[in-house]
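**Q** One structure follows; several queries about it will come next.
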Amino acid sequence: MSTTGPNQNCDRNRLSIHSMPCLRCGTCCSKFDVRVSMDEAHRITDRIGITWDEWMNSYINDRWPGTESFILRRHNGKCIFLKEKGEQSLCSIHSFKPSLCIEWNQGPQHKECQQGLQKRWGIVVDNSGTLNGTQQALHCYRAFLKSLEGD
């Protein structure tokens, strides 16, 4: 049972575009192809400890025969570097991910983030940014947000 009363913390049912954290749902990583520059490719191969041949054979989408940039391969419909851990999807190269991924700004204005809220918590965001869902769903979402405070 939630300890939050019906009128307490009403503003917590609203999301600000600038305050919504990554939901770790993996939706954006399953919707977009990630392009990496040659420099980023070398940085990734160095950090994960693979050869250039391994990179070209196992991590690159061969539909994009780039010489200056590459498209990352997908595995099970998602970026090859996305790993599932329980209900969360985590980037296995998060600390050195490509600039395209760094530049993604999650928020309720993105349909991918809205889909993640719906998929994971059964919560929808209306046009004014208000969260709509069951009391239990909103409680679970708030608990998730609280768990991120140490990140």
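Going through the structure tokens in order, the chains are called A, B, and so on, while each chain numbers its residues from 1 and the ligands are numbered from 1 in the order shown.
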Could you write out, as a ChimeraX atom specification, all the residues of segment 15-108 of chain A that DSSP marks as helix (DSSP H, G or I)?

**A** /A:27-31,38-48,52-58,94-96,99-103

**Q** Please produce a file of the residues just selected, as a short mmCIF file (atom, residue, chain, number, x, y, z; two decimals), in the first residue's frame, where the atoms kept are N, CA and C atoms.

**A**
```
data_model
loop_
_atom_site.label_atom_id
_atom_site.label_comp_id
_atom_site.auth_asym_id
_atom_site.auth_seq_id
_atom_site.Cartn_x
_atom_site.Cartn_y
_atom_site.Cartn_z
N THR A 27 13.70 1.18 -25.13
CA THR A 27 12.87 1.47 -26.29
C THR A 27 13.64 2.26 -27.34
N CYS A 28 14.34 3.31 -26.93
CA CYS A 28 15.08 4.10 -27.92
C CYS A 28 16.17 3.26 -28.58
N CYS A 29 16.77 2.34 -27.83
CA CYS A 29 17.83 1.48 -28.37
C CYS A 29 17.28 0.42 -29.32
N SER A 30 15.97 0.27 -29.32
CA SER A 30 15.36 -0.67 -30.26
C SER A 30 14.73 0.04 -31.45
N LYS A 31 14.61 1.36 -31.37
CA LYS A 31 13.97 2.13 -32.44
C LYS A 31 14.96 2.75 -33.42
N MET A 38 34.55 6.81 -37.07
CA MET A 38 35.76 5.99 -37.05
C MET A 38 36.48 6.12 -35.71
N ASP A 39 36.58 7.35 -35.19
CA ASP A 39 37.22 7.55 -33.88
C ASP A 39 36.46 6.81 -32.77
N GLU A 40 35.14 6.90 -32.80
CA GLU A 40 34.33 6.20 -31.79
C GLU A 40 34.50 4.69 -31.91
N ALA A 41 34.56 4.20 -33.13
CA ALA A 41 34.75 2.76 -33.35
C ALA A 41 36.06 2.30 -32.75
N HIS A 42 37.12 3.06 -32.96
CA HIS A 42 38.43 2.69 -32.40
C HIS A 42 38.40 2.76 -30.87
N ARG A 43 37.73 3.77 -30.33
CA ARG A 43 37.63 3.88 -28.87
C ARG A 43 36.87 2.68 -28.29
N ILE A 44 35.79 2.29 -28.92
CA ILE A 44 35.00 1.15 -28.43
C ILE A 44 35.80 -0.14 -28.52
N THR A 45 36.46 -0.38 -29.65
CA THR A 45 37.23 -1.62 -29.78
C THR A 45 38.35 -1.68 -28.75
N ASP A 46 39.00 -0.56 -28.50
CA ASP A 46 40.05 -0.53 -27.47
C ASP A 46 39.49 -0.82 -26.09
N ARG A 47 38.35 -0.22 -25.79
CA ARG A 47 37.77 -0.37 -24.44
C ARG A 47 37.22 -1.77 -24.19
N ILE A 48 36.65 -2.41 -25.23
CA ILE A 48 36.10 -3.75 -25.00
C ILE A 48 37.11 -4.84 -25.34
N TRP A 52 40.14 -5.24 -34.74
CA TRP A 52 39.37 -4.55 -35.77
C TRP A 52 38.56 -5.54 -36.59
N ASP A 53 39.14 -6.70 -36.89
CA ASP A 53 38.41 -7.73 -37.64
C ASP A 53 37.18 -8.20 -36.87
N GLU A 54 37.32 -8.39 -35.56
CA GLU A 54 36.16 -8.78 -34.75
C GLU A 54 35.08 -7.69 -34.80
N TRP A 55 35.51 -6.45 -34.72
CA TRP A 55 34.59 -5.31 -34.80
C TRP A 55 33.81 -5.35 -36.11
N MET A 56 34.54 -5.48 -37.20
CA MET A 56 33.91 -5.45 -38.52
C MET A 56 33.00 -6.67 -38.74
N ASN A 57 33.38 -7.81 -38.23
CA ASN A 57 32.61 -9.04 -38.46
C ASN A 57 31.45 -9.23 -37.49
N SER A 58 31.54 -8.69 -36.29
CA SER A 58 30.53 -9.00 -35.27
C SER A 58 29.70 -7.82 -34.79
N HIS A 94 28.09 2.14 -21.75
CA HIS A 94 27.52 3.43 -21.33
C HIS A 94 28.60 4.50 -21.10
N SER A 95 29.69 4.15 -20.43
CA SER A 95 30.70 5.16 -20.09
C SER A 95 31.50 5.64 -21.30
N PHE A 96 31.40 4.95 -22.43
CA PHE A 96 32.09 5.39 -23.64
C PHE A 96 31.21 5.20 -24.88
N SER A 99 28.54 9.28 -29.60
CA SER A 99 28.00 10.63 -29.42
C SER A 99 26.51 10.68 -29.74
N LEU A 100 26.06 9.91 -30.72
CA LEU A 100 24.64 9.89 -31.06
C LEU A 100 23.80 9.51 -29.83
N CYS A 101 24.28 8.56 -29.06
CA CYS A 101 23.57 8.12 -27.85
C CYS A 101 23.69 9.16 -26.74
N ILE A 102 24.85 9.78 -26.63
CA ILE A 102 25.06 10.82 -25.61
C ILE A 102 24.10 11.99 -25.87
N GLU A 103 23.89 12.33 -27.13
CA GLU A 103 23.07 13.48 -27.49
C GLU A 103 21.57 13.23 -27.33
#
```

**Q** Using only C-alpha atoms, determine which residues lie at most 9 Å from segment 123-126 of chain A, disregarding the query and same-chain residues fewer than 3 positions distant; provide the list as an MDAnalysis selection string.

**A** chainID A and resid 14:15 108 114:120 129:134 137:138 141

**Q** Please, could you write that set of residues out with C-alpha atoms as a PDB file, in the first residue's frame?

**A**
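Saved file out36.pdb follows:
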```
ATOM      1  CA  ARG A  14       3.683  15.587 -13.448  1.00  0.00           C
ATOM      2  CA  LEU A  15       6.855  15.219 -15.462  1.00  0.00           C
ATOM      3  CA  PRO A 108       8.054  12.789 -21.996  1.00  0.00           C
ATOM      4  CA  GLN A 114       6.139   7.430 -23.570  1.00  0.00           C
ATOM      5  CA  GLN A 115       6.217   3.858 -24.916  1.00  0.00           C
ATOM      6  CA  GLY A 116       8.714   2.896 -22.196  1.00  0.00           C
ATOM      7  CA  LEU A 117       6.445   4.275 -19.464  1.00  0.00           C
ATOM      8  CA  GLN A 118       3.509   2.392 -20.950  1.00  0.00           C
ATOM      9  CA  LYS A 119       5.453  -0.858 -21.420  1.00  0.00           C
ATOM     10  CA  ARG A 120       7.124  -0.970 -18.018  1.00  0.00           C
ATOM     11  CA  GLY A 129       2.691  16.180 -19.064  1.00  0.00           C
ATOM     12  CA  THR A 130       0.512  14.595 -16.411  1.00  0.00           C
ATOM     13  CA  LEU A 131       1.121  10.965 -15.607  1.00  0.00           C
ATOM     14  CA  ASN A 132      -1.930   8.753 -15.739  1.00  0.00           C
ATOM     15  CA  GLY A 133      -1.991   5.263 -14.323  1.00  0.00           C
ATOM     16  CA  THR A 134      -3.150   3.231 -11.390  1.00  0.00           C
ATOM     17  CA  ALA A 137       1.743   1.922 -11.110  1.00  0.00           C
ATOM     18  CA  LEU A 138       2.499   5.488 -10.047  1.00  0.00           C
ATOM     19  CA  TYR A 141       7.364   4.463 -10.864  1.00  0.00           C
TER      20      TYR A 141
END
```

**Q** Using DSSP assignments from the backbone, pull out every residue in segment 2-148 of chain A that falls under strand (DSSP E) and give it to me as a list in words.

**A**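 Those residues are Arg35, Val36, Ser37, Ser69, Phe70, Ile71, Arg74, His75, Lys78, Cys79, Leu82, Lys83, Glu84, Lys85, Gln88, Ser89, Leu90, Cys91, Val124, Val125, Leu131 and Asn132 of chain A.
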
**Q** Could the residues in this selection be saved with N, CA and C atoms as a compact mmCIF listing (two decimals), in the first residue's frame?

**A**
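Below is the file that was written, part08.txt:
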```
# COMPACT_ATOMS: atom_id res chain seq x y z
N ARG A 35 24.80 5.26 -35.41
CA ARG A 35 25.95 5.50 -36.27
C ARG A 35 27.13 5.89 -35.39
N VAL A 36 28.28 5.28 -35.65
CA VAL A 36 29.50 5.61 -34.90
C VAL A 36 30.57 6.08 -35.88
N SER A 37 31.31 7.07 -35.47
CA SER A 37 32.41 7.58 -36.30
C SER A 37 33.59 6.61 -36.22
N SER A 69 32.25 6.13 -41.17
CA SER A 69 31.37 5.82 -40.03
C SER A 69 30.73 4.46 -40.26
N PHE A 70 30.12 3.94 -39.21
CA PHE A 70 29.51 2.61 -39.24
C PHE A 70 28.16 2.66 -38.56
N ILE A 71 27.31 1.69 -38.87
CA ILE A 71 26.05 1.50 -38.15
C ILE A 71 26.23 0.25 -37.30
N ARG A 74 22.37 -4.88 -34.84
CA ARG A 74 21.30 -5.08 -33.88
C ARG A 74 21.24 -6.57 -33.54
N HIS A 75 20.85 -6.84 -32.32
CA HIS A 75 20.69 -8.22 -31.86
C HIS A 75 19.31 -8.30 -31.21
N LYS A 78 17.49 -4.96 -31.11
CA LYS A 78 18.01 -3.86 -30.30
C LYS A 78 19.49 -3.67 -30.57
N CYS A 79 20.03 -2.55 -30.15
CA CYS A 79 21.45 -2.29 -30.28
C CYS A 79 22.23 -3.46 -29.68
N LEU A 82 23.09 -3.32 -25.98
CA LEU A 82 22.04 -3.24 -24.97
C LEU A 82 21.90 -4.59 -24.29
N LYS A 83 21.98 -4.59 -22.97
CA LYS A 83 21.89 -5.82 -22.19
C LYS A 83 20.69 -5.73 -21.25
N GLU A 84 19.98 -6.83 -21.13
CA GLU A 84 18.82 -6.89 -20.24
C GLU A 84 19.29 -7.36 -18.86
N LYS A 85 18.86 -6.66 -17.83
CA LYS A 85 19.16 -7.04 -16.45
C LYS A 85 17.86 -6.88 -15.66
N GLN A 88 15.30 -4.02 -16.37
CA GLN A 88 16.01 -2.88 -16.91
C GLN A 88 16.87 -3.28 -18.10
N SER A 89 17.00 -2.35 -19.02
CA SER A 89 17.89 -2.49 -20.15
C SER A 89 19.05 -1.54 -19.92
N LEU A 90 20.25 -2.07 -20.00
CA LEU A 90 21.43 -1.27 -19.70
C LEU A 90 22.42 -1.32 -20.86
N CYS A 91 23.06 -0.20 -21.13
CA CYS A 91 24.06 -0.11 -22.18
C CYS A 91 25.38 -0.64 -21.63
N VAL A 124 0.66 6.39 -18.79
CA VAL A 124 0.65 7.21 -20.00
C VAL A 124 0.82 8.67 -19.60
N VAL A 125 1.35 9.46 -20.54
CA VAL A 125 1.56 10.89 -20.32
C VAL A 125 0.59 11.62 -21.22
N LEU A 131 1.07 12.42 -15.59
CA LEU A 131 1.12 10.97 -15.61
C LEU A 131 -0.24 10.41 -15.27
N ASN A 132 -0.66 9.42 -16.01
CA ASN A 132 -1.93 8.75 -15.74
C ASN A 132 -1.69 7.26 -15.64
```

**Q** Find the distance between atom CA of Val34 of chain A and atom CA of Ile93 of chain A and write it in Å to one decimal.

**A**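 Calculated distance between atom CA of Val34 of chain A and atom CA of Ile93 of chain A is 12.9 Å.
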